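Colleague: Sending over a structure as structure tokens; questions will come in a sec.
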Amino acid sequence: MIEVKVDNKNVLAALERLSKATANPRPALKKIGERLVLSTKQRFETSTAPDGKKWQANSDATLRMGLHGGNHFKKNGSLKKSGASYLANKKPLIGKTHKLASGIDYALDGNHLRIGSPMEYAAMQQFGGITSPRSMIPGSRIPARPFLGISDADETMILKTVNDYLRSVIA
């Protein structure tokens, strides 16, 4: 085995900075978390999964529930302009409160980054499933509409953020 001893102050200082930086990735993870929250929230606007596939449209039952939750009908039972506008613009996973999209956040736990939603129905929306007998639409199939995950653009951003962070701490 050949052993080389480094006696260069600049190289040793850079290696020391690299060691310290990789021991504490939290600054890079924080930046990544903030950017993933933004890209995840953008998915609600585009109705698109991280893999680029469009989410399945709302069912007729979902649209009817939304119409009856507002003042969208004329006295004769026909739709008002507001009802027609609601039907034309209703996006999947965007409810009246916008809690699912607005609740997306990240957390750092040690050197681990987590991103998600505190809403109890988030998993049903992410993975799909059959609604509970006690739900507003009992026994209905909810299609998976993935909003959490890493897109190609997210991957590029993460790699760039990590590279930029490493360059900044060893420069």
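Just remember, in the structure tokens the first chain shown is A, the second B, etc., residues are 1-based per chain, and ligands are 1-based in the order shown.
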Under the rule of at most 10 Å, produce a per-residue listing of range 76-151 of chain A near range 20-41 of chain A: chain, number, name, the closest pair of atoms, and the distance in Å, as JSON lines, using only C-alpha atoms.
Modeller:
{"residue": "A:Leu100", "atom": "CA", "partner": "A:Lys41", "partner_atom": "CA", "distance": 9.2}
{"residue": "A:Ala101", "atom": "CA", "partner": "A:Lys41", "partner_atom": "CA", "distance": 5.7}
{"residue": "A:Ser102", "atom": "CA", "partner": "A:Lys41", "partner_atom": "CA", "distance": 7.2}
{"residue": "A:Gly103", "atom": "CA", "partner": "A:Lys41", "partner_atom": "CA", "distance": 9.1}
{"residue": "A:Ile104", "atom": "CA", "partner": "A:Val37", "partner_atom": "CA", "distance": 6.2}
{"residue": "A:Asp105", "atom": "CA", "partner": "A:Val37", "partner_atom": "CA", "distance": 5.8}
{"residue": "A:Tyr106", "atom": "CA", "partner": "A:Gly33", "partner_atom": "CA", "distance": 5.6}
{"residue": "A:Ala107", "atom": "CA", "partner": "A:Gly33", "partner_atom": "CA", "distance": 7.6}
{"residue": "A:Leu108", "atom": "CA", "partner": "A:Lys30", "partner_atom": "CA", "distance": 7.3}
{"residue": "A:Asp109", "atom": "CA", "partner": "A:Arg26", "partner_atom": "CA", "distance": 9.4}
{"residue": "A:Gly110", "atom": "CA", "partner": "A:Arg26", "partner_atom": "CA", "distance": 8.0}
{"residue": "A:Asn111", "atom": "CA", "partner": "A:Arg26", "partner_atom": "CA", "distance": 6.3}
{"residue": "A:His112", "atom": "CA", "partner": "A:Leu29", "partner_atom": "CA", "distance": 7.9}
{"residue": "A:Leu113", "atom": "CA", "partner": "A:Leu29", "partner_atom": "CA", "distance": 6.4}
{"residue": "A:Arg114", "atom": "CA", "partner": "A:Gly33", "partner_atom": "CA", "distance": 7.7}
{"residue": "A:Ile115", "atom": "CA", "partner": "A:Gly33", "partner_atom": "CA", "distance": 7.0}
{"residue": "A:Gly116", "atom": "CA", "partner": "A:Val37", "partner_atom": "CA", "distance": 8.5}
{"residue": "A:Pro146", "atom": "CA", "partner": "A:Thr40", "partner_atom": "CA", "distance": 9.9}
{"residue": "A:Phe147", "atom": "CA", "partner": "A:Thr40", "partner_atom": "CA", "distance": 6.2}
{"residue": "A:Leu148", "atom": "CA", "partner": "A:Thr40", "partner_atom": "CA", "distance": 6.4}
{"residue": "A:Gly149", "atom": "CA", "partner": "A:Thr40", "partner_atom": "CA", "distance": 7.9}
{"residue": "A:Ile150", "atom": "CA", "partner": "A:Leu36", "partner_atom": "CA", "distance": 8.1}
{"residue": "A:Ser151", "atom": "CA", "partner": "A:Ser39", "partner_atom": "CA", "distance": 8.8}
Colleague: For the residues selected in the previous step, produce a file with N, CA and C atoms as a CSV table (one decimal), in the first residue's frame.
Modeller:
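Result file follows (result_29.csv):
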chain,number,residue,atom,x,y,z
A,100,LEU,N,-55.2,21.5,1.8
A,100,LEU,CA,-54.3,20.5,1.4
A,100,LEU,C,-53.1,21.1,0.8
A,101,ALA,N,-53.3,22.0,-0.2
A,101,ALA,CA,-52.2,22.7,-0.9
A,101,ALA,C,-51.4,23.6,0.0
A,102,SER,N,-52.2,24.4,0.8
A,102,SER,CA,-51.5,25.5,1.6
A,102,SER,C,-50.8,24.9,2.8
A,103,GLY,N,-51.2,23.6,3.2
A,103,GLY,CA,-50.6,23.0,4.4
A,103,GLY,C,-49.3,22.3,4.1
A,104,ILE,N,-48.9,22.2,2.8
A,104,ILE,CA,-47.6,21.6,2.5
A,104,ILE,C,-46.5,22.3,3.2
A,105,ASP,N,-45.6,21.5,3.8
A,105,ASP,CA,-44.5,22.1,4.6
A,105,ASP,C,-43.4,21.1,4.7
A,106,TYR,N,-42.3,21.5,5.1
A,106,TYR,CA,-41.1,20.6,5.3
A,106,TYR,C,-40.7,20.7,6.8
A,107,ALA,N,-40.0,19.7,7.2
A,107,ALA,CA,-39.4,19.7,8.5
A,107,ALA,C,-38.0,19.0,8.5
A,108,LEU,N,-37.1,19.5,9.2
A,108,LEU,CA,-35.8,18.9,9.4
A,108,LEU,C,-35.7,18.2,10.7
A,109,ASP,N,-35.4,16.9,10.6
A,109,ASP,CA,-35.3,16.1,11.8
A,109,ASP,C,-33.9,15.5,11.8
A,110,GLY,N,-33.0,16.1,12.6
A,110,GLY,CA,-31.6,15.8,12.5
A,110,GLY,C,-31.1,16.1,11.1
A,111,ASN,N,-30.5,15.1,10.4
A,111,ASN,CA,-30.1,15.3,9.0
A,111,ASN,C,-31.0,14.7,8.0
A,112,HIS,N,-32.3,14.7,8.4
A,112,HIS,CA,-33.4,14.1,7.5
A,112,HIS,C,-34.4,15.2,7.2
A,113,LEU,N,-34.7,15.3,5.9
A,113,LEU,CA,-35.7,16.2,5.4
A,113,LEU,C,-37.0,15.5,5.1
A,114,ARG,N,-38.1,16.0,5.7
A,114,ARG,CA,-39.4,15.5,5.4
A,114,ARG,C,-40.3,16.6,4.8
A,115,ILE,N,-41.1,16.2,3.9
A,115,ILE,CA,-42.1,17.1,3.3
A,115,ILE,C,-43.4,16.4,3.2
A,116,GLY,N,-44.5,17.2,3.5
A,116,GLY,CA,-45.8,16.5,3.5
A,116,GLY,C,-46.9,17.5,3.9
A,146,PRO,N,-51.0,11.8,-7.1
A,146,PRO,CA,-49.7,12.1,-6.4
A,146,PRO,C,-49.3,13.6,-6.5
A,147,PHE,N,-49.1,14.2,-5.3
A,147,PHE,CA,-48.6,15.5,-5.3
A,147,PHE,C,-47.2,15.6,-4.6
A,148,LEU,N,-46.9,14.6,-3.8
A,148,LEU,CA,-45.6,14.5,-3.1
A,148,LEU,C,-44.7,13.7,-4.0
A,149,GLY,N,-43.5,14.1,-4.1
A,149,GLY,CA,-42.5,13.3,-4.8
A,149,GLY,C,-41.5,14.2,-5.4
A,150,ILE,N,-40.5,13.6,-6.1
A,150,ILE,CA,-39.4,14.4,-6.8
A,150,ILE,C,-39.6,14.4,-8.3
A,151,SER,N,-39.8,15.5,-8.9
A,151,SER,CA,-39.9,15.6,-10.3
A,151,SER,C,-38.5,15.7,-10.9
Colleague: Mind dumping a table of every range 5-82 of chain A residue within 8 Å of range 92-98 of chain A, with the nearest atom pair and its distance in Å to one decimal, using only C-alpha atoms, sorted by chain and rising number, as JSON lines?
Modeller:
{"residue": "A:Phe44", "atom": "CA", "partner": "A:Leu93", "partner_atom": "CA", "distance": 7.0}
{"residue": "A:Ser47", "atom": "CA", "partner": "A:Pro92", "partner_atom": "CA", "distance": 6.6}
{"residue": "A:Trp55", "atom": "CA", "partner": "A:Pro92", "partner_atom": "CA", "distance": 7.3}
{"residue": "A:Gln56", "atom": "CA", "partner": "A:Pro92", "partner_atom": "CA", "distance": 7.5}
{"residue": "A:Ala57", "atom": "CA", "partner": "A:Pro92", "partner_atom": "CA", "distance": 6.1}
{"residue": "A:Asn58", "atom": "CA", "partner": "A:Pro92", "partner_atom": "CA", "distance": 5.5}
Colleague: If you run DSSP on this backbone, which residues of range 3-162 of chain A come out as helix (DSSP H, G or I), and could you give them as a PDB file with N, CA and C atoms, in the first residue's frame?
Modeller:
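Listing of result_1.pdb after writing:
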ATOM      1  N   LYS A   9      -1.289  23.346   3.609  1.00  0.00           N
ATOM      2  CA  LYS A   9      -2.275  23.986   4.490  1.00  0.00           C
ATOM      3  C   LYS A   9      -3.595  24.268   3.779  1.00  0.00           C
ATOM      4  N   ASN A  10      -3.527  24.700   2.525  1.00  0.00           N
ATOM      5  CA  ASN A  10      -4.759  25.010   1.779  1.00  0.00           C
ATOM      6  C   ASN A  10      -5.584  23.750   1.548  1.00  0.00           C
ATOM      7  N   VAL A  11      -4.924  22.652   1.153  1.00  0.00           N
ATOM      8  CA  VAL A  11      -5.633  21.389   0.913  1.00  0.00           C
ATOM      9  C   VAL A  11      -6.214  20.864   2.222  1.00  0.00           C
ATOM     10  N   LEU A  12      -5.428  20.901   3.271  1.00  0.00           N
ATOM     11  CA  LEU A  12      -5.921  20.423   4.572  1.00  0.00           C
ATOM     12  C   LEU A  12      -7.100  21.258   5.057  1.00  0.00           C
ATOM     13  N   ALA A  13      -7.047  22.575   4.856  1.00  0.00           N
ATOM     14  CA  ALA A  13      -8.142  23.448   5.273  1.00  0.00           C
ATOM     15  C   ALA A  13      -9.403  23.141   4.455  1.00  0.00           C
ATOM     16  N   ALA A  14      -9.245  22.929   3.140  1.00  0.00           N
ATOM     17  CA  ALA A  14     -10.404  22.601   2.296  1.00  0.00           C
ATOM     18  C   ALA A  14     -11.006  21.265   2.701  1.00  0.00           C
ATOM     19  N   LEU A  15     -10.171  20.267   2.975  1.00  0.00           N
ATOM     20  CA  LEU A  15     -10.675  18.957   3.408  1.00  0.00           C
ATOM     21  C   LEU A  15     -11.376  19.064   4.762  1.00  0.00           C
ATOM     22  N   GLU A  16     -10.870  19.886   5.634  1.00  0.00           N
ATOM     23  CA  GLU A  16     -11.511  20.102   6.942  1.00  0.00           C
ATOM     24  C   GLU A  16     -12.884  20.759   6.764  1.00  0.00           C
ATOM     25  N   ARG A  17     -12.972  21.764   5.878  1.00  0.00           N
ATOM     26  CA  ARG A  17     -14.262  22.414   5.606  1.00  0.00           C
ATOM     27  C   ARG A  17     -15.245  21.419   4.992  1.00  0.00           C
ATOM     28  N   LEU A  18     -14.755  20.570   4.085  1.00  0.00           N
ATOM     29  CA  LEU A  18     -15.613  19.557   3.477  1.00  0.00           C
ATOM     30  C   LEU A  18     -16.136  18.593   4.538  1.00  0.00           C
ATOM     31  N   SER A  19     -15.273  18.181   5.432  1.00  0.00           N
ATOM     32  CA  SER A  19     -15.681  17.262   6.501  1.00  0.00           C
ATOM     33  C   SER A  19     -16.751  17.895   7.385  1.00  0.00           C
ATOM     34  N   LYS A  20     -16.560  19.158   7.747  1.00  0.00           N
ATOM     35  CA  LYS A  20     -17.537  19.860   8.586  1.00  0.00           C
ATOM     36  C   LYS A  20     -18.856  20.062   7.836  1.00  0.00           C
ATOM     37  N   ALA A  21     -18.752  20.388   6.547  1.00  0.00           N
ATOM     38  CA  ALA A  21     -19.971  20.636   5.760  1.00  0.00           C
ATOM     39  C   ALA A  21     -20.799  19.381   5.616  1.00  0.00           C
ATOM     40  N   THR A  22     -20.176  18.263   5.378  1.00  0.00           N
ATOM     41  CA  THR A  22     -20.941  17.038   5.198  1.00  0.00           C
ATOM     42  C   THR A  22     -21.446  16.499   6.528  1.00  0.00           C
ATOM     43  N   ALA A  23     -20.845  16.927   7.621  1.00  0.00           N
ATOM     44  CA  ALA A  23     -21.345  16.531   8.936  1.00  0.00           C
ATOM     45  C   ALA A  23     -22.597  17.325   9.294  1.00  0.00           C
ATOM     46  N   ARG A  26     -27.592  20.547   7.099  1.00  0.00           N
ATOM     47  CA  ARG A  26     -28.856  21.251   7.346  1.00  0.00           C
ATOM     48  C   ARG A  26     -29.046  22.514   6.503  1.00  0.00           C
ATOM     49  N   PRO A  27     -28.016  23.336   6.275  1.00  0.00           N
ATOM     50  CA  PRO A  27     -28.258  24.517   5.428  1.00  0.00           C
ATOM     51  C   PRO A  27     -28.732  24.138   4.014  1.00  0.00           C
ATOM     52  N   ALA A  28     -28.114  23.120   3.436  1.00  0.00           N
ATOM     53  CA  ALA A  28     -28.544  22.673   2.100  1.00  0.00           C
ATOM     54  C   ALA A  28     -29.927  22.036   2.173  1.00  0.00           C
ATOM     55  N   LEU A  29     -30.187  21.233   3.197  1.00  0.00           N
ATOM     56  CA  LEU A  29     -31.492  20.584   3.338  1.00  0.00           C
ATOM     57  C   LEU A  29     -32.606  21.606   3.517  1.00  0.00           C
ATOM     58  N   LYS A  30     -32.316  22.674   4.252  1.00  0.00           N
ATOM     59  CA  LYS A  30     -33.312  23.734   4.455  1.00  0.00           C
ATOM     60  C   LYS A  30     -33.686  24.368   3.119  1.00  0.00           C
ATOM     61  N   LYS A  31     -32.685  24.696   2.311  1.00  0.00           N
ATOM     62  CA  LYS A  31     -32.938  25.298   1.002  1.00  0.00           C
ATOM     63  C   LYS A  31     -33.716  24.329   0.109  1.00  0.00           C
ATOM     64  N   ILE A  32     -33.341  23.059   0.130  1.00  0.00           N
ATOM     65  CA  ILE A  32     -34.043  22.044  -0.663  1.00  0.00           C
ATOM     66  C   ILE A  32     -35.492  21.931  -0.196  1.00  0.00           C
ATOM     67  N   GLY A  33     -35.709  21.890   1.118  1.00  0.00           N
ATOM     68  CA  GLY A  33     -37.065  21.800   1.664  1.00  0.00           C
ATOM     69  C   GLY A  33     -37.939  22.959   1.225  1.00  0.00           C
ATOM     70  N   GLU A  34     -37.400  24.180   1.290  1.00  0.00           N
ATOM     71  CA  GLU A  34     -38.166  25.361   0.879  1.00  0.00           C
ATOM     72  C   GLU A  34     -38.563  25.271  -0.595  1.00  0.00           C
ATOM     73  N   ARG A  35     -37.637  24.830  -1.418  1.00  0.00           N
ATOM     74  CA  ARG A  35     -37.914  24.748  -2.854  1.00  0.00           C
ATOM     75  C   ARG A  35     -38.866  23.598  -3.185  1.00  0.00           C
ATOM     76  N   LEU A  36     -38.767  22.486  -2.460  1.00  0.00           N
ATOM     77  CA  LEU A  36     -39.696  21.372  -2.696  1.00  0.00           C
ATOM     78  C   LEU A  36     -41.122  21.750  -2.299  1.00  0.00           C
ATOM     79  N   VAL A  37     -41.259  22.544  -1.248  1.00  0.00           N
ATOM     80  CA  VAL A  37     -42.596  23.028  -0.862  1.00  0.00           C
ATOM     81  C   VAL A  37     -43.194  23.839  -2.016  1.00  0.00           C
ATOM     82  N   LEU A  38     -42.411  24.724  -2.593  1.00  0.00           N
ATOM     83  CA  LEU A  38     -42.909  25.545  -3.710  1.00  0.00           C
ATOM     84  C   LEU A  38     -43.285  24.682  -4.915  1.00  0.00           C
ATOM     85  N   SER A  39     -42.439  23.721  -5.272  1.00  0.00           N
ATOM     86  CA  SER A  39     -42.748  22.909  -6.454  1.00  0.00           C
ATOM     87  C   SER A  39     -43.945  21.998  -6.182  1.00  0.00           C
ATOM     88  N   THR A  40     -44.103  21.534  -4.942  1.00  0.00           N
ATOM     89  CA  THR A  40     -45.255  20.702  -4.600  1.00  0.00           C
ATOM     90  C   THR A  40     -46.538  21.522  -4.675  1.00  0.00           C
ATOM     91  N   LYS A  41     -46.514  22.719  -4.151  1.00  0.00           N
ATOM     92  CA  LYS A  41     -47.697  23.584  -4.213  1.00  0.00           C
ATOM     93  C   LYS A  41     -48.038  23.918  -5.663  1.00  0.00           C
ATOM     94  N   GLN A  42     -47.036  24.040  -6.520  1.00  0.00           N
ATOM     95  CA  GLN A  42     -47.289  24.334  -7.936  1.00  0.00           C
ATOM     96  C   GLN A  42     -48.045  23.187  -8.595  1.00  0.00           C
ATOM     97  N   ARG A  43     -47.837  21.953  -8.128  1.00  0.00           N
ATOM     98  CA  ARG A  43     -48.543  20.798  -8.703  1.00  0.00           C
ATOM     99  C   ARG A  43     -50.051  20.926  -8.561  1.00  0.00           C
ATOM    100  N   PHE A  44     -50.506  21.592  -7.514  1.00  0.00           N
ATOM    101  CA  PHE A  44     -51.943  21.791  -7.327  1.00  0.00           C
ATOM    102  C   PHE A  44     -52.488  22.745  -8.394  1.00  0.00           C
ATOM    103  N   GLU A  45     -51.665  23.672  -8.831  1.00  0.00           N
ATOM    104  CA  GLU A  45     -52.094  24.601  -9.886  1.00  0.00           C
ATOM    105  C   GLU A  45     -52.122  23.929 -11.253  1.00  0.00           C
ATOM    106  N   THR A  46     -51.180  23.023 -11.502  1.00  0.00           N
ATOM    107  CA  THR A  46     -51.089  22.378 -12.817  1.00  0.00           C
ATOM    108  C   THR A  46     -51.796  21.026 -12.858  1.00  0.00           C
ATOM    109  N   ASP A  60     -68.154  13.382 -11.330  1.00  0.00           N
ATOM    110  CA  ASP A  60     -69.413  14.129 -11.324  1.00  0.00           C
ATOM    111  C   ASP A  60     -69.929  14.324  -9.899  1.00  0.00           C
ATOM    112  N   ALA A  61     -69.738  13.306  -9.043  1.00  0.00           N
ATOM    113  CA  ALA A  61     -70.201  13.412  -7.651  1.00  0.00           C
ATOM    114  C   ALA A  61     -69.474  14.543  -6.928  1.00  0.00           C
ATOM    115  N   THR A  62     -68.186  14.668  -7.146  1.00  0.00           N
ATOM    116  CA  THR A  62     -67.414  15.739  -6.509  1.00  0.00           C
ATOM    117  C   THR A  62     -67.875  17.097  -7.009  1.00  0.00           C
ATOM    118  N   LEU A  63     -68.082  17.200  -8.307  1.00  0.00           N
ATOM    119  CA  LEU A  63     -68.543  18.473  -8.870  1.00  0.00           C
ATOM    120  C   LEU A  63     -69.927  18.846  -8.356  1.00  0.00           C
ATOM    121  N   ARG A  64     -70.832  17.861  -8.269  1.00  0.00           N
ATOM    122  CA  ARG A  64     -72.182  18.131  -7.741  1.00  0.00           C
ATOM    123  C   ARG A  64     -72.111  18.596  -6.292  1.00  0.00           C
ATOM    124  N   MET A  65     -71.251  17.949  -5.481  1.00  0.00           N
ATOM    125  CA  MET A  65     -71.118  18.361  -4.076  1.00  0.00           C
ATOM    126  C   MET A  65     -70.669  19.811  -3.983  1.00  0.00           C
ATOM    127  N   GLY A  66     -69.739  20.202  -4.819  1.00  0.00           N
ATOM    128  CA  GLY A  66     -69.248  21.579  -4.813  1.00  0.00           C
ATOM    129  C   GLY A  66     -70.294  22.578  -5.246  1.00  0.00           C
ATOM    130  N   LEU A  67     -71.095  22.198  -6.216  1.00  0.00           N
ATOM    131  CA  LEU A  67     -72.154  23.093  -6.676  1.00  0.00           C
ATOM    132  C   LEU A  67     -73.179  23.348  -5.581  1.00  0.00           C
ATOM    133  N   HIS A  68     -73.523  22.310  -4.840  1.00  0.00           N
ATOM    134  CA  HIS A  68     -74.559  22.463  -3.804  1.00  0.00           C
ATOM    135  C   HIS A  68     -74.028  23.132  -2.555  1.00  0.00           C
ATOM    136  N   LYS A  81     -74.192  31.806 -13.723  1.00  0.00           N
ATOM    137  CA  LYS A  81     -72.853  31.939 -14.302  1.00  0.00           C
ATOM    138  C   LYS A  81     -71.797  31.443 -13.315  1.00  0.00           C
ATOM    139  N   SER A  82     -72.022  31.680 -12.034  1.00  0.00           N
ATOM    140  CA  SER A  82     -71.050  31.236 -11.022  1.00  0.00           C
ATOM    141  C   SER A  82     -70.945  29.710 -11.001  1.00  0.00           C
ATOM    142  N   GLY A  83     -72.056  29.038 -11.217  1.00  0.00           N
ATOM    143  CA  GLY A  83     -72.046  27.571 -11.266  1.00  0.00           C
ATOM    144  C   GLY A  83     -71.305  27.054 -12.485  1.00  0.00           C
ATOM    145  N   ALA A  84     -71.552  27.670 -13.621  1.00  0.00           N
ATOM    146  CA  ALA A  84     -70.854  27.276 -14.847  1.00  0.00           C
ATOM    147  C   ALA A  84     -69.362  27.542 -14.707  1.00  0.00           C
ATOM    148  N   SER A  85     -69.027  28.664 -14.098  1.00  0.00           N
ATOM    149  CA  SER A  85     -67.616  29.002 -13.882  1.00  0.00           C
ATOM    150  C   SER A  85     -66.961  27.993 -12.934  1.00  0.00           C
ATOM    151  N   TYR A  86     -67.688  27.620 -11.877  1.00  0.00           N
ATOM    152  CA  TYR A  86     -67.178  26.615 -10.945  1.00  0.00           C
ATOM    153  C   TYR A  86     -66.866  25.308 -11.679  1.00  0.00           C
ATOM    154  N   LEU A  87     -67.801  24.827 -12.488  1.00  0.00           N
ATOM    155  CA  LEU A  87     -67.606  23.573 -13.216  1.00  0.00           C
ATOM    156  C   LEU A  87     -66.431  23.666 -14.192  1.00  0.00           C
ATOM    157  N   ALA A  88     -66.275  24.810 -14.821  1.00  0.00           N
ATOM    158  CA  ALA A  88     -65.203  24.977 -15.806  1.00  0.00           C
ATOM    159  C   ALA A  88     -63.828  25.084 -15.163  1.00  0.00           C
ATOM    160  N   ASN A  89     -63.774  25.576 -13.938  1.00  0.00           N
ATOM    161  CA  ASN A  89     -62.480  25.870 -13.313  1.00  0.00           C
ATOM    162  C   ASN A  89     -62.113  24.984 -12.124  1.00  0.00           C
ATOM    163  N   LYS A  99     -56.790  23.877   2.048  1.00  0.00           N
ATOM    164  CA  LYS A  99     -55.947  23.427   3.160  1.00  0.00           C
ATOM    165  C   LYS A  99     -54.899  22.392   2.747  1.00  0.00           C
ATOM    166  N   LEU A 100     -55.248  21.498   1.835  1.00  0.00           N
ATOM    167  CA  LEU A 100     -54.277  20.483   1.443  1.00  0.00           C
ATOM    168  C   LEU A 100     -53.065  21.137   0.792  1.00  0.00           C
ATOM    169  N   ALA A 101     -53.280  21.995  -0.172  1.00  0.00           N
ATOM    170  CA  ALA A 101     -52.172  22.657  -0.866  1.00  0.00           C
ATOM    171  C   ALA A 101     -51.443  23.640   0.043  1.00  0.00           C
ATOM    172  N   SER A 102     -52.187  24.450   0.778  1.00  0.00           N
ATOM    173  CA  SER A 102     -51.541  25.474   1.610  1.00  0.00           C
ATOM    174  C   SER A 102     -50.838  24.870   2.819  1.00  0.00           C
ATOM    175  N   ALA A 122     -54.710  13.482   3.321  1.00  0.00           N
ATOM    176  CA  ALA A 122     -53.634  13.625   2.333  1.00  0.00           C
ATOM    177  C   ALA A 122     -53.233  12.287   1.730  1.00  0.00           C
ATOM    178  N   ALA A 123     -53.128  11.251   2.549  1.00  0.00           N
ATOM    179  CA  ALA A 123     -52.713   9.939   2.039  1.00  0.00           C
ATOM    180  C   ALA A 123     -53.727   9.394   1.035  1.00  0.00           C
ATOM    181  N   MET A 124     -55.015   9.582   1.292  1.00  0.00           N
ATOM    182  CA  MET A 124     -56.047   9.118   0.357  1.00  0.00           C
ATOM    183  C   MET A 124     -55.880   9.821  -0.988  1.00  0.00           C
ATOM    184  N   GLN A 125     -55.577  11.115  -0.960  1.00  0.00           N
ATOM    185  CA  GLN A 125     -55.405  11.853  -2.204  1.00  0.00           C
ATOM    186  C   GLN A 125     -54.117  11.442  -2.923  1.00  0.00           C
ATOM    187  N   GLN A 126     -53.070  11.204  -2.167  1.00  0.00           N
ATOM    188  CA  GLN A 126     -51.777  10.817  -2.750  1.00  0.00           C
ATOM    189  C   GLN A 126     -51.825   9.424  -3.384  1.00  0.00           C
ATOM    190  N   PHE A 127     -52.385   8.464  -2.647  1.00  0.00           N
ATOM    191  CA  PHE A 127     -52.333   7.062  -3.071  1.00  0.00           C
ATOM    192  C   PHE A 127     -53.649   6.533  -3.640  1.00  0.00           C
ATOM    193  N   ASP A 152     -38.376  15.600 -12.245  1.00  0.00           N
ATOM    194  CA  ASP A 152     -37.076  15.768 -12.891  1.00  0.00           C
ATOM    195  C   ASP A 152     -36.488  17.143 -12.562  1.00  0.00           C
ATOM    196  N   ALA A 153     -37.327  18.168 -12.566  1.00  0.00           N
ATOM    197  CA  ALA A 153     -36.858  19.521 -12.225  1.00  0.00           C
ATOM    198  C   ALA A 153     -36.409  19.590 -10.765  1.00  0.00           C
ATOM    199  N   ASP A 154     -37.137  18.895  -9.879  1.00  0.00           N
ATOM    200  CA  ASP A 154     -36.737  18.857  -8.465  1.00  0.00           C
ATOM    201  C   ASP A 154     -35.376  18.179  -8.316  1.00  0.00           C
ATOM    202  N   GLU A 155     -35.184  17.082  -9.046  1.00  0.00           N
ATOM    203  CA  GLU A 155     -33.905  16.373  -8.972  1.00  0.00           C
ATOM    204  C   GLU A 155     -32.755  17.289  -9.398  1.00  0.00           C
ATOM    205  N   THR A 156     -32.954  18.008 -10.487  1.00  0.00           N
ATOM    206  CA  THR A 156     -31.930  18.949 -10.959  1.00  0.00           C
ATOM    207  C   THR A 156     -31.651  20.007  -9.908  1.00  0.00           C
ATOM    208  N   MET A 157     -32.719  20.548  -9.297  1.00  0.00           N
ATOM    209  CA  MET A 157     -32.560  21.566  -8.262  1.00  0.00           C
ATOM    210  C   MET A 157     -31.800  21.016  -7.059  1.00  0.00           C
ATOM    211  N   ILE A 158     -32.121  19.799  -6.635  1.00  0.00           N
ATOM    212  CA  ILE A 158     -31.457  19.203  -5.472  1.00  0.00           C
ATOM    213  C   ILE A 158     -29.967  19.017  -5.756  1.00  0.00           C
ATOM    214  N   LEU A 159     -29.641  18.457  -6.906  1.00  0.00           N
ATOM    215  CA  LEU A 159     -28.234  18.248  -7.249  1.00  0.00           C
ATOM    216  C   LEU A 159     -27.478  19.572  -7.319  1.00  0.00           C
ATOM    217  N   LYS A 160     -28.104  20.583  -7.906  1.00  0.00           N
ATOM    218  CA  LYS A 160     -27.456  21.894  -7.989  1.00  0.00           C
ATOM    219  C   LYS A 160     -27.276  22.499  -6.598  1.00  0.00           C
ATOM    220  N   THR A 161     -28.289  22.384  -5.765  1.00  0.00           N
ATOM    221  CA  THR A 161     -28.202  22.934  -4.410  1.00  0.00           C
ATOM    222  C   THR A 161     -27.084  22.270  -3.619  1.00  0.00           C
ATOM    223  N   VAL A 162     -26.997  20.948  -3.707  1.00  0.00           N
ATOM    224  CA  VAL A 162     -25.936  20.225  -2.994  1.00  0.00           C
ATOM    225  C   VAL A 162     -24.569  20.632  -3.534  1.00  0.00           C
TER     226      VAL A 162
END
Colleague: If we count only C-alpha atoms, what is near Ile130 in chain A at a cut-off of 9 Å, once residues fewer than 3 positions away on the same chain are taken out, given as a ChimeraX atom specification?
Modeller: /A:124,138-143
Colleague: Smallest atom-to-atom distance to Ala144 in chain A: which of A:Lys74, A:Ala49, A:Glu120, A:Asn8, using only C-alpha atoms?
Modeller: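 Closest to Ala144 in chain A of all the choices is A:Ala49.
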Colleague: To one decimal in Å, tell me the separation between CA of Arg145 in chain A and CA of Gly128 in chain A.
Modeller: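 Interatomic distance, CA of Arg145 in chain A to CA of Gly128 in chain A: 7.0 Å.
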Colleague: Could you pull out the residues in range 12-152 of chain A that DSSP calls strand (DSSP E) from the backbone, as a PyMOL selection string?
Modeller: chain A and resi 105-109+112-116+129-130+141-142
Colleague: Please, what distance in Å, to one decimal, runs between CA of Thr48 in chain A and CA of Ser117 in chain A?
Modeller: 17.0 Å
Colleague: Could you work out how far CA of Ser78 in chain A lies from CA of Lys91 in chain A, giving the answer in Å with one decimal?
Modeller: 22.2 Å
